[in-house]
$ cat my_file-v8.txt   # compact mmCIF, C-alpha atoms
# COMPACT_ATOMS: atom_id res chain seq x y z
CA MET A 1322 248.30 -288.44 -14.33
CA PRO A 1323 251.95 -287.47 -13.70
CA GLU A 1324 254.34 -289.95 -12.09
CA LEU A 1325 254.47 -288.85 -8.44
CA GLY A 1326 256.62 -291.72 -7.15
CA LYS A 1327 256.88 -292.41 -3.45
CA TYR A 1328 255.39 -288.98 -2.58
CA ALA A 1329 252.09 -289.59 -4.40
CA ALA A 1330 250.04 -289.71 -1.17
CA THR A 1331 251.70 -286.50 0.10
CA VAL A 1332 251.07 -284.52 -3.09
CA LEU A 1333 247.54 -285.82 -3.64
CA SER A 1334 246.49 -285.20 -0.03
CA ALA A 1335 247.84 -281.61 -0.19
CA TYR A 1336 245.87 -280.95 -3.39
CA GLY A 1337 242.79 -282.75 -2.05
CA VAL A 1338 242.64 -280.82 1.24
CA SER A 1339 243.30 -277.46 -0.47
CA LEU A 1340 240.78 -277.91 -3.26
CA ILE A 1341 238.08 -279.12 -0.83
CA LEU A 1342 238.67 -276.08 1.40
CA LEU A 1343 238.71 -273.63 -1.54
CA ALA A 1344 235.66 -275.11 -3.29
CA GLY A 1345 233.76 -275.45 -0.01
CA PHE A 1346 234.46 -271.84 0.91
CA VAL A 1347 233.45 -270.51 -2.53
CA LEU A 1348 230.19 -272.52 -2.46
CA LEU A 1349 229.44 -271.38 1.10
CA SER A 1350 230.01 -267.72 0.12
CA MET A 1351 227.72 -268.08 -2.92
CA TRP A 1352 225.01 -269.77 -0.83
CA GLN A 1353 225.17 -267.04 1.84
CA SER A 1354 225.05 -264.34 -0.86
CA ARG A 1355 221.91 -265.81 -2.46
CA ARG A 1356 220.19 -266.46 0.89
CA ILE A 1357 220.72 -262.89 2.16
CA LYS A 1358 219.68 -261.37 -1.18
CA ARG A 1359 216.45 -263.41 -1.19
CA LYS A 1360 215.66 -262.45 2.43
CA LEU A 1361 216.39 -258.76 1.69
CA ASP A 1362 214.19 -258.80 -1.43
CA ASP A 1363 211.35 -260.32 0.65
CA ALA A 1364 211.80 -257.74 3.44
CA GLU A 1365 211.83 -254.83 0.98
CA ALA A 1366 208.71 -256.19 -0.73
CA ARG A 1367 206.96 -256.40 2.69
CA ARG A 1368 207.99 -252.83 3.40
CA ARG A 1369 206.69 -251.54 0.05
CA ASN A 1370 203.38 -253.37 0.52
CA GLY A 1371 202.91 -251.79 3.92
CA MET B 663 234.89 -239.20 -9.91
CA SER B 664 236.28 -239.75 -6.42
CA PHE B 665 237.43 -243.12 -5.06
CA TRP B 666 235.34 -242.42 -1.96
CA GLU B 667 232.14 -242.77 -4.01
CA TYR B 668 232.60 -246.53 -3.54
CA ALA B 669 232.01 -245.98 0.18
CA ASN B 670 228.36 -245.52 -0.83
CA PRO B 671 226.75 -248.98 -0.33
CA ARG B 672 224.55 -248.72 -3.44
CA LYS B 673 227.48 -247.66 -5.61
CA PHE B 674 229.60 -250.49 -4.16
CA ILE B 675 226.92 -253.11 -4.88
CA ALA B 676 226.40 -251.84 -8.44
CA THR B 677 230.16 -251.94 -9.08
CA ALA B 678 230.51 -255.39 -7.50
CA ASP B 679 227.61 -256.72 -9.60
CA ALA B 680 229.31 -255.46 -12.78
CA LEU B 681 232.85 -256.64 -11.94
CA LEU B 682 232.20 -259.94 -10.18
CA PRO B 683 231.49 -262.19 -13.23
CA TRP B 684 234.67 -260.97 -14.97
CA ILE B 685 236.94 -261.25 -11.96
CA ALA B 686 235.51 -264.64 -10.96
CA GLY B 687 235.94 -265.91 -14.53
CA LEU B 688 239.54 -264.67 -14.69
CA ALA B 689 240.24 -266.20 -11.25
CA ALA B 690 238.91 -269.59 -12.34
CA ALA B 691 240.93 -269.46 -15.59
CA ALA B 692 244.18 -268.44 -13.86
CA LEU B 693 243.77 -270.94 -11.03
CA LEU B 694 242.98 -273.78 -13.42
CA THR B 695 245.90 -272.86 -15.70
CA GLY B 696 248.42 -272.43 -12.87
CA LEU B 697 247.45 -275.60 -11.00
CA VAL B 698 247.11 -277.84 -14.08
CA TRP B 699 250.41 -276.50 -15.48
CA GLY B 700 252.15 -276.98 -12.14
CA PHE B 701 250.68 -280.39 -11.36
CA PHE B 702 250.83 -282.06 -14.78
CA PHE B 703 253.54 -280.28 -16.77
CA THR B 704 256.43 -279.50 -14.43
CA PRO B 705 259.28 -281.88 -13.56
CA GLU B 706 260.26 -283.23 -10.15
CA ASP B 707 262.80 -281.31 -8.12
CA TYR B 708 266.14 -283.10 -7.72
CA ARG B 709 265.90 -282.87 -3.90
CA GLN B 710 262.18 -282.63 -3.11
CA GLY B 711 260.93 -285.06 -5.75
CA SER B 712 257.26 -284.61 -6.68
CA THR B 713 256.49 -282.79 -3.40
CA VAL B 714 257.67 -279.61 -5.16
CA LYS B 715 254.20 -279.55 -6.79
CA ILE B 716 252.76 -278.46 -3.43
CA ILE B 717 254.46 -275.08 -3.99
CA TYR B 718 251.62 -274.03 -6.35
CA LEU B 719 249.16 -274.18 -3.45
CA HIS B 720 251.33 -273.43 -0.44
CA VAL B 721 253.11 -270.26 -1.60
CA PRO B 722 250.03 -268.45 -3.06
CA ALA B 723 247.91 -269.41 -0.03
CA ALA B 724 250.59 -268.17 2.39
CA MET B 725 251.04 -264.93 0.42
CA MET B 726 247.32 -264.26 0.40
CA ALA B 727 246.96 -265.14 4.09
CA ILE B 728 249.27 -262.20 4.86
CA ASN B 729 247.92 -259.91 2.13
CA ALA B 730 244.33 -260.47 3.28
CA TRP B 731 245.33 -259.20 6.72
CA ALA B 732 247.11 -256.23 5.07
CA MET B 733 243.89 -255.41 3.20
CA MET B 734 241.96 -255.68 6.48
CA LEU B 735 244.47 -253.31 8.07
CA VAL B 736 243.94 -250.69 5.36
CA THR B 737 240.13 -250.94 5.46
CA SER B 738 240.16 -250.92 9.28
CA LEU B 739 242.22 -247.72 9.24
CA VAL B 740 239.78 -246.19 6.76
CA TRP B 741 236.94 -247.10 9.14
CA LEU B 742 238.73 -245.64 12.17
CA ILE B 743 239.68 -242.41 10.37
CA ARG B 744 236.79 -241.77 7.94
CA ARG B 745 233.96 -243.90 9.43
CA HIS B 746 232.92 -245.46 6.10
CA HIS B 747 230.70 -248.47 6.88
CA VAL B 748 231.53 -250.28 3.63
CA SER B 749 235.18 -250.20 4.64
CA ALA B 750 234.49 -251.90 7.99
CA LEU B 751 232.28 -254.47 6.26
CA ALA B 752 234.99 -255.18 3.68
CA ALA B 753 237.41 -255.99 6.53
CA LYS B 754 234.80 -258.24 8.13
CA ALA B 755 234.18 -259.95 4.76
CA ALA B 756 237.90 -260.57 4.14
CA ALA B 757 238.60 -262.33 7.46
CA PRO B 758 237.00 -265.74 6.63
CA ILE B 759 238.84 -265.70 3.27
CA GLY B 760 242.12 -264.98 5.04
CA VAL B 761 241.55 -267.72 7.60
CA THR B 762 240.86 -270.23 4.79
CA PHE B 763 244.11 -269.28 3.02
CA THR B 764 246.02 -269.46 6.31
CA LEU B 765 244.60 -272.92 7.01
CA ILE B 766 245.58 -274.10 3.51
CA ALA B 767 249.12 -272.73 4.02
CA LEU B 768 249.44 -274.44 7.42
CA LEU B 769 248.02 -277.79 6.23
CA THR B 770 249.97 -277.98 2.96
CA GLY B 771 253.10 -276.95 4.86
CA ALA B 772 252.57 -279.72 7.41
CA ILE B 773 251.85 -282.31 4.70
CA TRP B 774 255.01 -281.25 2.82
CA GLY B 775 257.09 -281.05 6.01
CA GLN B 776 256.44 -284.60 7.12
CA PRO B 777 258.50 -286.32 4.39
CA MET B 778 260.92 -283.41 3.83
CA TRP B 779 261.73 -282.33 7.40
CA GLY B 780 260.66 -285.56 9.10
CA THR B 781 258.01 -283.74 11.14
CA TRP B 782 254.52 -282.31 10.63
CA TRP B 783 255.28 -279.30 12.78
CA ALA B 784 258.20 -277.43 14.31
CA TRP B 785 258.20 -274.34 16.52
CA ASP B 786 260.11 -272.50 13.83
CA PRO B 787 259.76 -268.65 13.69
CA ARG B 788 257.76 -268.57 10.45
CA LEU B 789 255.50 -271.51 11.33
CA THR B 790 254.83 -270.15 14.81
CA SER B 791 254.06 -266.62 13.59
CA PHE B 792 251.70 -268.13 10.99
CA LEU B 793 249.90 -270.12 13.67
CA ILE B 794 249.51 -266.92 15.72
CA LEU B 795 248.18 -265.14 12.63
CA PHE B 796 245.64 -267.97 12.24
CA LEU B 797 244.56 -267.49 15.89
CA PHE B 798 244.29 -263.72 15.33
CA TYR B 799 241.95 -264.39 12.38
CA LEU B 800 239.76 -266.60 14.60
CA GLY B 801 239.79 -264.00 17.39
CA TYR B 802 238.91 -261.24 14.92
CA MET B 803 235.91 -263.20 13.58
CA ALA B 804 234.80 -264.17 17.09
CA LEU B 805 234.91 -260.50 18.18
CA TRP B 806 232.68 -259.45 15.27
CA ALA B 807 230.23 -262.22 16.21
CA ALA B 808 230.26 -261.41 19.92
CA ILE B 809 229.32 -257.70 19.77
CA GLU B 810 225.78 -256.78 18.81
CA ASP B 811 226.28 -253.10 17.99
CA PRO B 812 227.94 -253.06 14.54
CA ASP B 813 229.81 -249.78 15.03
CA THR B 814 231.29 -250.90 18.35
CA ALA B 815 232.21 -254.24 16.76
CA ALA B 816 233.89 -252.39 13.87
CA ASP B 817 235.84 -250.18 16.31
CA LEU B 818 237.11 -253.05 18.47
CA THR B 819 237.91 -255.39 15.57
CA SER B 820 239.81 -252.57 13.87
CA VAL B 821 241.99 -252.16 16.96
CA LEU B 822 242.52 -255.95 17.08
CA CYS B 823 243.49 -255.82 13.40
CA LEU B 824 246.14 -253.17 14.13
CA VAL B 825 247.62 -255.37 16.88
CA GLY B 826 247.50 -258.51 14.71
CA SER B 827 249.34 -256.69 11.93
CA VAL B 828 252.54 -257.19 13.92
CA PHE B 829 252.13 -260.96 13.46
CA ALA B 830 251.17 -260.60 9.80
CA LEU B 831 254.44 -258.71 9.33
CA LEU B 832 256.37 -261.30 11.36
CA SER B 833 254.82 -264.10 9.27
CA ARG B 834 256.24 -262.44 6.17
CA TYR B 835 259.68 -261.53 7.48
CA ALA B 836 260.30 -264.12 10.25
CA VAL B 837 262.77 -265.97 8.01
CA ASN B 838 264.78 -262.77 7.56
CA PHE B 839 264.52 -261.57 11.17
CA TRP B 840 265.63 -264.86 12.73
CA ASN B 841 268.04 -266.75 10.57
CA GLN B 842 267.18 -270.05 12.24
CA GLY B 843 264.49 -272.71 12.12
CA LEU B 844 263.51 -275.20 9.44
CA HIS B 845 261.61 -272.97 7.02
CA GLN B 846 263.61 -271.96 3.94
CA GLY B 847 263.80 -268.40 2.60
CA ALA B 848 261.30 -266.78 0.25
CA SER B 849 260.49 -268.77 -2.92
CA LEU B 850 259.98 -265.52 -4.84
CA SER B 851 262.39 -262.65 -4.53
CA LEU B 852 263.48 -259.56 -6.44
CA ASP B 853 266.94 -261.15 -6.32
CA LYS B 854 266.87 -263.58 -9.25
CA GLU B 855 269.55 -265.76 -7.66
CA GLU B 856 267.19 -266.61 -4.77
CA ASN B 857 264.18 -267.45 -6.96
CA VAL B 858 262.99 -270.95 -7.75
CA ALA B 859 263.99 -272.21 -11.22
CA ASP B 860 262.03 -270.80 -14.19
CA VAL B 861 260.31 -274.12 -14.87
CA PHE B 862 258.57 -273.79 -11.47
CA TYR B 863 258.51 -269.99 -11.40
CA PHE B 864 256.12 -269.27 -14.31
CA PRO B 865 253.30 -271.68 -13.33
CA LEU B 866 253.73 -270.40 -9.77
CA LEU B 867 253.18 -266.80 -10.97
CA VAL B 868 249.97 -267.87 -12.76
CA ALA B 869 248.74 -269.71 -9.64
CA ILE B 870 249.49 -266.61 -7.53
CA ALA B 871 247.52 -264.46 -9.98
CA GLY B 872 244.65 -266.95 -9.63
CA PHE B 873 244.70 -266.72 -5.83
CA ILE B 874 244.82 -262.89 -5.95
CA LEU B 875 241.85 -262.74 -8.36
CA LEU B 876 239.94 -265.30 -6.28
CA PHE B 877 240.54 -263.17 -3.19
CA VAL B 878 239.27 -260.02 -4.95
CA ALA B 879 236.18 -261.86 -6.26
CA LEU B 880 235.39 -263.28 -2.81
CA VAL B 881 235.91 -259.90 -1.09
CA LEU B 882 233.50 -258.25 -3.55
CA MET B 883 230.91 -261.01 -3.12
CA ARG B 884 231.15 -261.21 0.67
CA THR B 885 231.22 -257.42 1.19
CA ARG B 886 228.07 -257.16 -0.95
CA THR B 887 226.50 -259.85 1.26
CA GLU B 888 227.51 -257.97 4.43
CA ILE B 889 226.00 -254.71 3.11
CA ARG B 890 222.73 -256.50 2.30
CA ALA B 891 222.73 -258.27 5.69
CA ARG B 892 223.14 -254.89 7.43
CA ARG B 893 220.21 -253.46 5.44
CA LEU B 894 218.10 -256.56 6.18
CA HIS B 895 218.87 -256.24 9.89
CA ALA B 896 217.78 -252.57 9.85
CA ILE B 897 214.45 -253.43 8.13
CA GLU B 898 213.76 -256.29 10.56
CA MET B 899 214.50 -254.04 13.56
CA ARG B 900 212.06 -251.42 12.21
CA GLU B 901 209.40 -254.12 11.71
CA ARG B 902 209.85 -255.33 15.28
CA LEU B 903 209.48 -251.80 16.66
CA GLY B 904 206.23 -251.53 14.67

$ encode --input "my_file-v8.txt" --output "structure tokens"
Amino acid sequence: MPELGKYAATVLSAYGVSLILLAGFVLLSMWQSRRIKRKLDDAEARRRNG
Amino acid sequence: MSFWEYANPRKFIATADALLPWIAGLAAAALLTGLVWGFFFTPEDYRQGSTVKIIYLHVPAAMMAINAWAMMLVTSLVWLIRRHHVSALAAKAAAPIGVTFTLIALLTGAIWGQPMWGTWWAWDPRLTSFLILFLFYLGYMALWAAIEDPDTAADLTSVLCLVGSVFALLSRYAVNFWNQGLHQGASLSLDKEENVADVFYFPLLVAIAGFILLFVALVLMRTRTEIRARRLHAIEMRERLG
């Protein structure tokens, strides 16, 4: 861990907020992608089977 | 082979499927390298102390907040002129990414500003134009959600995107247009004299590359999702009509 001095809380909170937002957004996008693909696969299977 | 072949949804999905693992892998590697290098292996600035480390998040996020809107502008124009659905869906897919980057830029700026400027917020030209850009992103997403017919939604959001481009431009050049306010000039410039010192510059370039690659990966993934959602909606409508 680098020596952040009196600004440690400032730097760590900036990194914390940013990484939570980035990781949260990436995970949300992946979850939406899988959910829609699964629903589309099911719908196309229903359509094929009449 | 023409570029416009990618306006075919099937072709776009096949290309996205092939490219996505590579671009996502490169994005993760560049982001990790840039942020670890910047956070652990760069010195303090003689004036800003360790808060200079926030630059590796703030500058790339702010750049991509504006560039995401620029990408939406191009794809919106393609929709308005050539009526390619994938283009409209790419703009729709990019908006939540842009709003996330804008939020990161605003929050990291506020967190940095408190100890450096003595305030979380100031009605400075660049900060204010960035806040307006953030509101335009929210309005753009709300407009897509509010209109049921996808073509009408694409038309109206494209017009909103053209209007919002003024604020995207102002966000980029506000510091140059109005030589006042708290926000300093650009951290990266073609003029070497204005650039940050090399010890900060190189990890910053790697972090920027990581943010760009992350943006491309997310646009590919989310556009693919939007195309599939449109197809799913069409099948469900047909089922309901019997």

$ interface_residues --input "my_file-v8.txt" --of "chain B" --to "chain A" --cutoff "7 Å" --atoms "all atoms listed in the file" --output "list in words"
Phe702, Ser712, Thr713, Lys715, Ile716, Ile766, Thr770, Ile773, Trp774, Arg884, Thr887, Arg890, Ala891, Leu894 and Ile897 of chain B

$ atom_distance --input "my_file-v8.txt" --atom1 "CA of Leu832 (chain B)" --atom2 "CA of Arg788 (chain B)"
7.5 Å

$ residues_near_point --input "my_file-v8.txt" --point "(241.1, -256.2, 12.2)" --cutoff "10 Å" --atoms "all atoms listed in the file" --output "VMD selection string"
chain B and resid 731 to 739 750 753 to 754 756 to 757 798 to 799 801 to 803 805 to 806 816 to 827

$ atom_distance --input "my_file-v8.txt" --atom1 "CA of Ala1366 (chain A)" --atom2 "CA of Glu667 (chain B)"
27.2 Å

$ residues_around --input "my_file-v8.txt" --residues "Phe792 (chain B)" --least-positions-apart "2" --cutoff "12 Å" --atoms "only C-alpha atoms" --output "number ranges by chain"
B: 723-725, 727-728, 731, 760-761, 763-769, 771, 783-790, 794-799, 826-837, 845

$ atom_distance --input "my_file-v8.txt" --atom1 "CA of Ala896 (chain B)" --atom2 "CA of Ala680 (chain B)"
25.6 Å

$ closest_residue --input "my_file-v8.txt" --among "B:Leu742, B:Leu719, B:Ala689, B:Val748" --to "Phe877 (chain B)" --atoms "only C-alpha atoms"
B:Ala689

$ residues_near_point --input "my_file-v8.txt" --point "(227.7, -252.6, -6.8)" --cutoff "12 Å" --atoms "all atoms listed in the file" --output "mmCIF file with C-alpha atoms, keeping the file's coordinate frame"
data_model
loop_
_atom_site.group_PDB
_atom_site.id
_atom_site.type_symbol
_atom_site.label_atom_id
_atom_site.label_comp_id
_atom_site.auth_asym_id
_atom_site.auth_seq_id
_atom_site.Cartn_x
_atom_site.Cartn_y
_atom_site.Cartn_z
ATOM 1 C CA GLU B 667 232.140 -242.770 -4.010
ATOM 2 C CA TYR B 668 232.600 -246.530 -3.540
ATOM 3 C CA ALA B 669 232.010 -245.980 0.180
ATOM 4 C CA ASN B 670 228.360 -245.520 -0.830
ATOM 5 C CA PRO B 671 226.750 -248.980 -0.330
ATOM 6 C CA ARG B 672 224.550 -248.720 -3.440
ATOM 7 C CA LYS B 673 227.480 -247.660 -5.610
ATOM 8 C CA PHE B 674 229.600 -250.490 -4.160
ATOM 9 C CA ILE B 675 226.920 -253.110 -4.880
ATOM 10 C CA ALA B 676 226.400 -251.840 -8.440
ATOM 11 C CA THR B 677 230.160 -251.940 -9.080
ATOM 12 C CA ALA B 678 230.510 -255.390 -7.500
ATOM 13 C CA ASP B 679 227.610 -256.720 -9.600
ATOM 14 C CA ALA B 680 229.310 -255.460 -12.780
ATOM 15 C CA LEU B 681 232.850 -256.640 -11.940
ATOM 16 C CA LEU B 682 232.200 -259.940 -10.180
ATOM 17 C CA VAL B 748 231.530 -250.280 3.630
ATOM 18 C CA LEU B 882 233.500 -258.250 -3.550
ATOM 19 C CA MET B 883 230.910 -261.010 -3.120
ATOM 20 C CA ARG B 884 231.150 -261.210 0.670
ATOM 21 C CA THR B 885 231.220 -257.420 1.190
ATOM 22 C CA ARG B 886 228.070 -257.160 -0.950
ATOM 23 C CA THR B 887 226.500 -259.850 1.260
ATOM 24 C CA ILE B 889 226.000 -254.710 3.110
ATOM 25 C CA ARG B 890 222.730 -256.500 2.300
#

$ residues_around --input "my_file-v8.txt" --residues "Trp782 (chain B)" --least-positions-apart "2" --cutoff "6 Å" --atoms "all atoms listed in the file" --output "PyMOL selection string"
chain B and resi 772+775-776

$ decode --input "my_file-v8.txt" --residues "region 1330-1365 of chain A" --atoms "N, CA and C atoms" --output "PDB file, in the first residue's frame"
ATOM      1  N   ALA A1330      -7.990   9.214   2.837  1.00  0.00           N
ATOM      2  CA  ALA A1330      -9.444   9.015   2.740  1.00  0.00           C
ATOM      3  C   ALA A1330      -9.969   9.530   1.393  1.00  0.00           C
ATOM      4  N   THR A1331      -9.420  10.659   0.940  1.00  0.00           N
ATOM      5  CA  THR A1331      -9.846  11.255  -0.345  1.00  0.00           C
ATOM      6  C   THR A1331      -9.538  10.296  -1.501  1.00  0.00           C
ATOM      7  N   VAL A1332      -8.284   9.827  -1.542  1.00  0.00           N
ATOM      8  CA  VAL A1332      -7.866   8.973  -2.669  1.00  0.00           C
ATOM      9  C   VAL A1332      -8.615   7.639  -2.632  1.00  0.00           C
ATOM     10  N   LEU A1333      -8.694   7.040  -1.437  1.00  0.00           N
ATOM     11  CA  LEU A1333      -9.339   5.724  -1.346  1.00  0.00           C
ATOM     12  C   LEU A1333     -10.835   5.812  -1.652  1.00  0.00           C
ATOM     13  N   SER A1334     -11.485   6.896  -1.219  1.00  0.00           N
ATOM     14  CA  SER A1334     -12.924   7.004  -1.517  1.00  0.00           C
ATOM     15  C   SER A1334     -13.150   7.219  -3.013  1.00  0.00           C
ATOM     16  N   ALA A1335     -12.259   7.981  -3.682  1.00  0.00           N
ATOM     17  CA  ALA A1335     -12.402   8.173  -5.137  1.00  0.00           C
ATOM     18  C   ALA A1335     -12.251   6.835  -5.862  1.00  0.00           C
ATOM     19  N   TYR A1336     -11.246   6.053  -5.468  1.00  0.00           N
ATOM     20  CA  TYR A1336     -11.046   4.740  -6.105  1.00  0.00           C
ATOM     21  C   TYR A1336     -12.197   3.796  -5.760  1.00  0.00           C
ATOM     22  N   GLY A1337     -12.639   3.827  -4.510  1.00  0.00           N
ATOM     23  CA  GLY A1337     -13.724   2.937  -4.080  1.00  0.00           C
ATOM     24  C   GLY A1337     -15.005   3.193  -4.861  1.00  0.00           C
ATOM     25  N   VAL A1338     -15.423   4.460  -4.906  1.00  0.00           N
ATOM     26  CA  VAL A1338     -16.663   4.820  -5.616  1.00  0.00           C
ATOM     27  C   VAL A1338     -16.559   4.438  -7.096  1.00  0.00           C
ATOM     28  N   SER A1339     -15.429   4.767  -7.716  1.00  0.00           N
ATOM     29  CA  SER A1339     -15.279   4.513  -9.161  1.00  0.00           C
ATOM     30  C   SER A1339     -15.282   3.018  -9.472  1.00  0.00           C
ATOM     31  N   LEU A1340     -14.532   2.256  -8.683  1.00  0.00           N
ATOM     32  CA  LEU A1340     -14.452   0.821  -8.976  1.00  0.00           C
ATOM     33  C   LEU A1340     -15.787   0.128  -8.711  1.00  0.00           C
ATOM     34  N   ILE A1341     -16.513   0.570  -7.681  1.00  0.00           N
ATOM     35  CA  ILE A1341     -17.847  -0.010  -7.425  1.00  0.00           C
ATOM     36  C   ILE A1341     -18.782   0.294  -8.605  1.00  0.00           C
ATOM     37  N   LEU A1342     -18.759   1.547  -9.073  1.00  0.00           N
ATOM     38  CA  LEU A1342     -19.628   1.911 -10.202  1.00  0.00           C
ATOM     39  C   LEU A1342     -19.254   1.129 -11.465  1.00  0.00           C
ATOM     40  N   LEU A1343     -17.945   1.051 -11.759  1.00  0.00           N
ATOM     41  CA  LEU A1343     -17.512   0.337 -12.968  1.00  0.00           C
ATOM     42  C   LEU A1343     -17.852  -1.149 -12.888  1.00  0.00           C
ATOM     43  N   ALA A1344     -17.479  -1.776 -11.761  1.00  0.00           N
ATOM     44  CA  ALA A1344     -17.719  -3.222 -11.618  1.00  0.00           C
ATOM     45  C   ALA A1344     -19.221  -3.504 -11.614  1.00  0.00           C
ATOM     46  N   GLY A1345     -19.981  -2.680 -10.909  1.00  0.00           N
ATOM     47  CA  GLY A1345     -21.435  -2.866 -10.856  1.00  0.00           C
ATOM     48  C   GLY A1345     -22.055  -2.772 -12.236  1.00  0.00           C
ATOM     49  N   PHE A1346     -21.591  -1.789 -13.020  1.00  0.00           N
ATOM     50  CA  PHE A1346     -22.157  -1.599 -14.352  1.00  0.00           C
ATOM     51  C   PHE A1346     -21.797  -2.760 -15.285  1.00  0.00           C
ATOM     52  N   VAL A1347     -20.546  -3.227 -15.196  1.00  0.00           N
ATOM     53  CA  VAL A1347     -20.126  -4.358 -16.048  1.00  0.00           C
ATOM     54  C   VAL A1347     -20.944  -5.603 -15.684  1.00  0.00           C
ATOM     55  N   LEU A1348     -21.098  -5.867 -14.381  1.00  0.00           N
ATOM     56  CA  LEU A1348     -21.861  -7.056 -13.951  1.00  0.00           C
ATOM     57  C   LEU A1348     -23.326  -6.949 -14.379  1.00  0.00           C
ATOM     58  N   LEU A1349     -23.897  -5.758 -14.236  1.00  0.00           N
ATOM     59  CA  LEU A1349     -25.291  -5.546 -14.653  1.00  0.00           C
ATOM     60  C   LEU A1349     -25.448  -5.799 -16.158  1.00  0.00           C
ATOM     61  N   SER A1350     -24.504  -5.292 -16.951  1.00  0.00           N
ATOM     62  CA  SER A1350     -24.568  -5.482 -18.415  1.00  0.00           C
ATOM     63  C   SER A1350     -24.459  -6.960 -18.770  1.00  0.00           C
ATOM     64  N   MET A1351     -23.576  -7.689 -18.070  1.00  0.00           N
ATOM     65  CA  MET A1351     -23.418  -9.130 -18.345  1.00  0.00           C
ATOM     66  C   MET A1351     -24.682  -9.889 -17.951  1.00  0.00           C
ATOM     67  N   TRP A1352     -25.267  -9.517 -16.815  1.00  0.00           N
ATOM     68  CA  TRP A1352     -26.494 -10.188 -16.354  1.00  0.00           C
ATOM     69  C   TRP A1352     -27.635  -9.937 -17.341  1.00  0.00           C
ATOM     70  N   GLN A1353     -27.788  -8.692 -17.794  1.00  0.00           N
ATOM     71  CA  GLN A1353     -28.848  -8.374 -18.769  1.00  0.00           C
ATOM     72  C   GLN A1353     -28.627  -9.140 -20.068  1.00  0.00           C
ATOM     73  N   SER A1354     -27.372  -9.223 -20.509  1.00  0.00           N
ATOM     74  CA  SER A1354     -27.042  -9.918 -21.752  1.00  0.00           C
ATOM     75  C   SER A1354     -27.449 -11.392 -21.665  1.00  0.00           C
ATOM     76  N   ARG A1355     -27.095 -12.041 -20.554  1.00  0.00           N
ATOM     77  CA  ARG A1355     -27.426 -13.473 -20.398  1.00  0.00           C
ATOM     78  C   ARG A1355     -28.936 -13.685 -20.290  1.00  0.00           C
ATOM     79  N   ARG A1356     -29.613 -12.804 -19.536  1.00  0.00           N
ATOM     80  CA  ARG A1356     -31.056 -12.946 -19.321  1.00  0.00           C
ATOM     81  C   ARG A1356     -31.819 -12.827 -20.646  1.00  0.00           C
ATOM     82  N   ILE A1357     -31.468 -11.825 -21.448  1.00  0.00           N
ATOM     83  CA  ILE A1357     -32.159 -11.617 -22.726  1.00  0.00           C
ATOM     84  C   ILE A1357     -31.851 -12.768 -23.689  1.00  0.00           C
ATOM     85  N   LYS A1358     -30.600 -13.226 -23.688  1.00  0.00           N
ATOM     86  CA  LYS A1358     -30.244 -14.330 -24.599  1.00  0.00           C
ATOM     87  C   LYS A1358     -31.040 -15.586 -24.240  1.00  0.00           C
ATOM     88  N   ARG A1359     -31.148 -15.864 -22.929  1.00  0.00           N
ATOM     89  CA  ARG A1359     -31.900 -17.054 -22.490  1.00  0.00           C
ATOM     90  C   ARG A1359     -33.375 -16.935 -22.885  1.00  0.00           C
ATOM     91  N   LYS A1360     -33.957 -15.743 -22.662  1.00  0.00           N
ATOM     92  CA  LYS A1360     -35.377 -15.546 -23.004  1.00  0.00           C
ATOM     93  C   LYS A1360     -35.595 -15.660 -24.523  1.00  0.00           C
ATOM     94  N   LEU A1361     -34.639 -15.130 -25.309  1.00  0.00           N
ATOM     95  CA  LEU A1361     -34.764 -15.209 -26.770  1.00  0.00           C
ATOM     96  C   LEU A1361     -34.635 -16.659 -27.241  1.00  0.00           C
ATOM     97  N   ASP A1362     -33.686 -17.393 -26.670  1.00  0.00           N
ATOM     98  CA  ASP A1362     -33.528 -18.809 -27.034  1.00  0.00           C
ATOM     99  C   ASP A1362     -34.818 -19.583 -26.739  1.00  0.00           C
ATOM    100  N   ASP A1363     -35.435 -19.315 -25.562  1.00  0.00           N
ATOM    101  CA  ASP A1363     -36.693 -19.972 -25.208  1.00  0.00           C
ATOM    102  C   ASP A1363     -37.804 -19.611 -26.194  1.00  0.00           C
ATOM    103  N   ALA A1364     -37.892 -18.323 -26.535  1.00  0.00           N
ATOM    104  CA  ALA A1364     -38.953 -17.871 -27.454  1.00  0.00           C
ATOM    105  C   ALA A1364     -38.776 -18.477 -28.829  1.00  0.00           C
ATOM    106  N   GLU A1365     -37.514 -18.560 -29.309  1.00  0.00           N
ATOM    107  CA  GLU A1365     -37.280 -19.145 -30.632  1.00  0.00           C
ATOM    108  C   GLU A1365     -37.563 -20.647 -30.631  1.00  0.00           C
TER     109      GLU A1365
END
